[in-house]
Amino acid sequence: MTAGSRIPSWMIGLLAILCLAALAWTTFGFVLPFRHETGKTVLDTYFTGYDQPTVTAMQNVLSENDVARALLRSMYLGPELVLPALMTMLLFTIVLKLQPGGSYFGKPMHPAFIKAIYALPFIYCFADYAENLSSLIAFGDSSAAASAAALLPWMTKLKFAALAVSAIVILRFVLIRLTPGGVDGR
């Protein structure tokens with residue numbers, strides 16, 4: 001019996017529901033009120049990333065609007081403390097349940113490649129928390145605001161890249177499991 005086979009499907013379902021609940025809390029409790037208050041979108045929702053001038057523009061918006069700054073800070077100290085951990089647990093349990101292995105383009109998968117697949121959810125988690133911390137510093141009154149603002153776009157890109165690659169890998173292994181014979185006849 002492998003570790004993945006001991007993970008019940010209901011646990012994955014529960015983690016997915018908790019992720020959706022935290023995402024709804026973020027969206028309806030902070031993102032939409034922030035947009036209503038400022039007419040701008042929270043930078044965390046830029047799926048394609050953003051650049052330094054966008055961060056500077058957001059710093060200017062927040063310097064003029066105390067309500068928006070309080071909303072953003074509360075978001076990072078509220079649901080954004082929980083959501084990355086929940087997403088990491090969800091992604092990792094799905095990958096663990098799918099038991100990556102077998103072959104890749106007709107060749108056996110190298111053990112380092114399999115370890116990299118297991119590391120993807122944790123790379124996402126690191127990048128998401130680093131993005132949140134960078135946002136708190138960049139949009140605060142710290143002397144390190146400029147450094148954090150420069151780091152912020154990179155952390156967002158790393159976060160979404162790790163999330164996208166995790167989703168693609170999971171989809172690949174789901175499709176393999178659904179095909180007759182699966183991986184190595186599993």
# chains A, B, ... in the order shown; residues from 1 in each chain; ligands from 1
>>> residues_around(residues="range 164-168 of chain A", least_positions_apart="4", cutoff="12 Å", atoms="only C-alpha atoms", output="ChimeraX atom specification")
/A:47-48,87-88,90-95,100,116-125,157-160,172-175
>>> select_by_dssp(residues="range 60-159 of chain A", states="strand (DSSP E or B)", output="number ranges by chain")
A: 103-104, 107-108
>>> residues_around(residues="Trp154 in chain A", least_positions_apart="6", cutoff="9 Å", atoms="only C-alpha atoms", output="list in words")
Gly49, Tyr50, Asp51, Ala127 and Glu131 of chain A
>>> closest_residue(among="A:Met58, A:Met89, A:Ala145, A:Val67", to="Val42 in chain A", atoms="only C-alpha atoms")
A:Met58
>>> closest_residue(among="A:Leu43, A:Pro53, A:Glu37, A:Gly29", to="Met75 in chain A", atoms="only C-alpha atoms")
A:Gly29
>>> residues_around(residues="range 147-152 of chain A", least_positions_apart="5", cutoff="9 Å", atoms="only C-alpha atoms", output="ChimeraX atom specification")
/A:50-52,55-56,59,130-139,157
>>> closest_residue(among="A:Pro33, A:Pro8, A:Pro180, A:Pro153", to="Ala70 in chain A", atoms="only C-alpha atoms")
A:Pro33
>>> atom_distance(atom1="CA of Leu77 in chain A", atom2="CA of Val31 in chain A")
13.7 Å
>>> select_by_dssp(residues="range 24-137 of chain A", states="alpha helix (DSSP H)", output="ChimeraX atom specification")
/A:24-26,32-38,52-64,66-76,79-98,111-137
>>> closest_residue(among="A:Pro108, A:Trp10, A:Phe30, A:Glu64", to="Tyr76 in chain A", atoms="only C-alpha atoms")
A:Phe30
>>> atom_distance(atom1="CA of Ala22 in chain A", atom2="CA of Arg177 in chain A")
29.5 Å
>>> closest_residue(among="A:Leu72, A:Leu83, A:Ile7, A:Ala161", to="Ala24 in chain A", atoms="only C-alpha atoms")
A:Leu83
>>> closest_residue(among="A:Thr26, A:Met155, A:Ser143, A:Phe126", to="Ser74 in chain A", atoms="only C-alpha atoms")
A:Thr26
